[in-house]
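Chemist: Supplied in structure tokens, the structure appears directly below.
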Amino acid sequence: VKNDNGSIDVSDVTGAADLTSKFGQIKASNISGALLARNDNGEVTASKIGAGAIIRTKFGAAKLNDIGGDAVVENDNGVIELSGIRGTAKVTTKFGHIHARDVAKAVSAENDNGEIKVSGAPAGVTAKTKFGAIKLDAVGGAMDLSNDNGAIEVAKVAGAACEPLTASTRFGPIRITIPENSNYDLTARTQFGKIQSKFPLTIEGRDERPSANGKIGRGGCPMRLTNDNGSIAINP
């Protein structure tokens, strides 16, 4: 379905759907197969998609719920909101927040100007933003988190034997919450700020360029935390 100057509303489709609009909203629901939706100037909403979904828009929000496979969203100027993704999620935007909830497989999120928030993602998260916080709750798997200007907050659930965690920011605190029975080899550094932990760690240079090294539990899995201007906290 193609519409140059108007909205598209499609539901109850057996098979795949390919939707294109230049001006106007795209709505898709109850599609038994895969969804491909492209919109130059308008919001895209999709729900109850039986297979994967690929969404590309330049101006407008992209909102996906109940996707049976992988979700890929590319948005130049607008928020991205996902929930109930039974595959992986790969999302990028330049302006607007990214919120992802209940994603069964790995999450990859990149944002130039906005918050990234992920919850209920047990299979790993890669997140990068330049302006805005990164907040992860009830997450598992390997983590690779990078922020130029904003906080990083992670509340991790128990997972596999080794789930490496790397987090770095230039401005803002890093707060990591992990289960008490976690096993990590920790390296933490900050230029300006404090390092705090309820785990037994060796913390050096508490007042100037502090660093922390040590084992949490039995160790064996890398955790690397780097901050240019802000505190670091690692607690159960």
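Within each chain, counting starts at residue 1; across the structure tokens, chains are named A, B, ... in the order shown, with ligands numbered 1 upward in that order.
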Residues of range 72-96 of chain A within 8 Å of range 105-124 of chain A: nearest atom pair and distance (Å, one decimal) for each, counting only C-alpha atoms, sorted by chain and number, as CSV?
Modeler:
```
residue,atom,partner,partner_atom,distance
A:Arg86,CA,A:Lys105,CA,6.9
A:Gly87,CA,A:Lys105,CA,5.2
A:Thr88,CA,A:Lys105,CA,4.6
A:Ala89,CA,A:Val107,CA,4.8
A:Lys90,CA,A:Ser108,CA,4.7
A:Val91,CA,A:Ala109,CA,4.9
A:Thr92,CA,A:Glu110,CA,4.7
A:Thr93,CA,A:Asn111,CA,5.0
A:Lys94,CA,A:Asp112,CA,4.6
A:Phe95,CA,A:Asn113,CA,4.9
A:Gly96,CA,A:Gly114,CA,5.0
```
Chemist: Pick out the residues sitting within 7 Å of Val79 in chain A, and hand them over as a short mmCIF file (atom, residue, chain, number, x, y, z; two decimals) with N, CA, C and O atoms, in the first residue's frame; count only C-alpha atoms, and ignore anything fewer than 6 positions along from it in its own chain.
Modeler:
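Below is the file around.cif, written as the result:
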```
data_model
loop_
_atom_site.label_atom_id
_atom_site.label_comp_id
_atom_site.auth_asym_id
_atom_site.auth_seq_id
_atom_site.Cartn_x
_atom_site.Cartn_y
_atom_site.Cartn_z
N ALA A 61 6.76 9.91 15.62
CA ALA A 61 7.04 8.82 16.55
C ALA A 61 6.91 7.47 15.85
O ALA A 61 6.18 7.32 14.88
N ALA A 62 7.63 6.49 16.40
CA ALA A 62 7.48 5.09 15.98
C ALA A 62 7.15 4.28 17.23
O ALA A 62 7.94 4.25 18.18
N GLY A 96 14.76 12.62 20.31
CA GLY A 96 13.62 11.98 20.95
C GLY A 96 14.05 10.79 21.76
O GLY A 96 15.09 10.16 21.50
N HIS A 97 13.27 10.42 22.75
CA HIS A 97 13.67 9.32 23.62
C HIS A 97 13.48 7.97 22.93
O HIS A 97 12.70 7.82 21.98
N ILE A 98 14.18 6.98 23.47
CA ILE A 98 14.00 5.58 23.11
C ILE A 98 13.58 4.83 24.36
O ILE A 98 14.30 4.83 25.37
#
```
Chemist: Using only C-alpha atoms, which residues sit within 7 Å of Lys2 in chain A once same-chain residues fewer than 6 positions away are excluded, as a PyMOL selection string?
Modeler: chain A and resi 19-21
Chemist: Using only C-alpha atoms, which protein or nucleic acid residues come within 8 Å of Ile31 in chain A? Drop anything in the same chain fewer than 3 positions from it, and give the result as a list of chain:residue names.
Modeler: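 Everything that qualifies: A:Ser11, A:Asp12, A:Val13, A:Thr14, A:Gly15, A:Ala16, A:Ala17, A:Ala28, A:Ala34, A:Leu35, A:Lys48, A:Ile49, A:Gly50.
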Chemist: May I have the residues from that selection written out with N, CA, C and O atoms, as a compact mmCIF listing (two decimals), in the first residue's frame?
Modeler:
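Produced file part.txt, reproduced below:
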```txt
# COMPACT_ATOMS: atom_id res chain seq x y z
N SER A 11 -5.37 -3.42 8.87
CA SER A 11 -5.53 -4.40 9.94
C SER A 11 -6.06 -5.71 9.37
O SER A 11 -6.60 -5.76 8.27
N ASP A 12 -5.86 -6.77 10.16
CA ASP A 12 -6.39 -8.10 9.82
C ASP A 12 -5.90 -8.56 8.44
O ASP A 12 -6.70 -8.86 7.53
N VAL A 13 -4.57 -8.62 8.31
CA VAL A 13 -3.95 -9.03 7.06
C VAL A 13 -3.33 -10.41 7.23
O VAL A 13 -2.59 -10.65 8.18
N THR A 14 -3.64 -11.32 6.31
CA THR A 14 -2.99 -12.63 6.29
C THR A 14 -1.77 -12.53 5.37
O THR A 14 -1.91 -12.28 4.18
N GLY A 15 -0.60 -12.69 5.96
CA GLY A 15 0.64 -12.53 5.20
C GLY A 15 1.35 -11.25 5.60
O GLY A 15 1.06 -10.62 6.62
N ALA A 16 2.30 -10.83 4.77
CA ALA A 16 3.12 -9.66 5.05
C ALA A 16 2.44 -8.38 4.57
O ALA A 16 1.52 -8.41 3.76
N ALA A 17 2.92 -7.24 5.10
CA ALA A 17 2.39 -5.93 4.68
C ALA A 17 3.56 -4.99 4.40
O ALA A 17 4.52 -4.93 5.18
N ALA A 28 -0.78 -0.08 11.65
CA ALA A 28 -0.87 -1.47 11.22
C ALA A 28 -1.13 -2.35 12.43
O ALA A 28 -0.47 -2.20 13.46
N ALA A 34 5.28 -10.48 8.24
CA ALA A 34 6.20 -9.39 8.54
C ALA A 34 5.63 -8.05 8.10
O ALA A 34 4.77 -7.97 7.22
N LEU A 35 6.14 -6.97 8.71
CA LEU A 35 5.72 -5.61 8.38
C LEU A 35 6.92 -4.78 7.96
O LEU A 35 7.94 -4.76 8.65
N LYS A 48 0.54 -6.26 17.23
CA LYS A 48 0.11 -7.62 16.89
C LYS A 48 0.59 -8.00 15.50
O LYS A 48 -0.19 -8.35 14.61
N ILE A 49 1.92 -7.94 15.35
CA ILE A 49 2.56 -8.33 14.10
C ILE A 49 3.13 -9.74 14.28
O ILE A 49 3.91 -9.98 15.21
N GLY A 50 2.75 -10.66 13.41
CA GLY A 50 3.09 -12.05 13.61
C GLY A 50 4.56 -12.38 13.44
O GLY A 50 5.08 -13.29 14.08
```
Chemist: Please list as a PyMOL selection string every residue within 10 Å of Gly24 in chain A, counting only C-alpha atoms and excluding residues in the same chain fewer than 5 positions away.
Modeler: chain A and resi 3-8+39-44+60
Chemist: Could you check the closest approach to Ile134 in chain A for each of A:Cys221, A:Ile234, A:Ala160, A:Ile174 and tell me which residue wins, using only C-alpha atoms?
Modeler: A:Ile174
Chemist: Skip Ala53 in chain A itself and residues of its chain fewer than 2 positions away, then list as a list in words all residues within 7 Å of it, counting only C-alpha atoms.
Modeler: Ala34, Leu35, Leu36, Ala51, Ile55, Asp70, Ala71 and Val72 of chain A
Chemist: Take the residues from that selection and put them in a file with C-alpha atoms, as an mmCIF file, in the first residue's frame.
Modeler:
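After the write, selection.cif holds the following:
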```cif
data_model
loop_
_atom_site.group_PDB
_atom_site.id
_atom_site.type_symbol
_atom_site.label_atom_id
_atom_site.label_comp_id
_atom_site.auth_asym_id
_atom_site.auth_seq_id
_atom_site.Cartn_x
_atom_site.Cartn_y
_atom_site.Cartn_z
ATOM 1 C CA ALA A 34 6.200 -9.389 8.541
ATOM 2 C CA LEU A 35 5.718 -5.611 8.379
ATOM 3 C CA LEU A 36 7.715 -3.070 6.386
ATOM 4 C CA ALA A 51 6.691 -11.867 12.354
ATOM 5 C CA ILE A 55 10.064 0.774 10.445
ATOM 6 C CA ASP A 70 12.880 -8.879 15.332
ATOM 7 C CA ALA A 71 12.146 -5.145 15.408
ATOM 8 C CA VAL A 72 14.262 -2.660 13.443
#
```
Chemist: What is the CA of Arg224 in chain A-CA of Gln196 in chain A distance in Å, reported with one decimal?
Modeler: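 Atom-to-atom, CA of Arg224 in chain A to CA of Gln196 in chain A, that is 14.6 Å.
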Chemist: I need the strand (DSSP E) residues of chain A per DSSP on the backbone, written as a VMD selection string.
Modeler: chain A and resid 2 to 3 8 to 13 17 to 21 26 to 31 35 to 39 44 to 49 53 to 59 62 to 67 71 to 77 80 to 85 89 to 93 98 to 103 107 to 111 116 to 121 125 to 129 134 to 139 143 to 147 152 to 156 165 to 171 174 to 177 184 to 192 195 to 197 202 to 204 211 to 216 222 to 229 232 to 235
Chemist: Tell me, in Å to one decimal, how far CA of Lys198 in chain A is from CA of Asp148 in chain A.
Modeler: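 Pair CA of Lys198 in chain A / CA of Asp148 in chain A returns 26.9 Å.
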Chemist: Quick one: pull the distance between CA of Ala212 in chain A and CA of Thr126 in chain A, Å, one decimal.
Modeler: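 Distance between the two atoms: 23.8 Å.
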Chemist: Counting only C-alpha atoms, which of A:Thr226, A:Lys215, A:Ile26, A:Ala104 gets nearest to Leu145 in chain A?
Modeler: A:Thr226
Chemist: Using only C-alpha atoms, find the one residue out of A:Asn235, A:Asn181, A:Ser146, A:Ser197 that sits nearest to Ala127 in chain A.
Modeler: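 Smallest separation from Ala127 in chain A among the options: A:Ser146.
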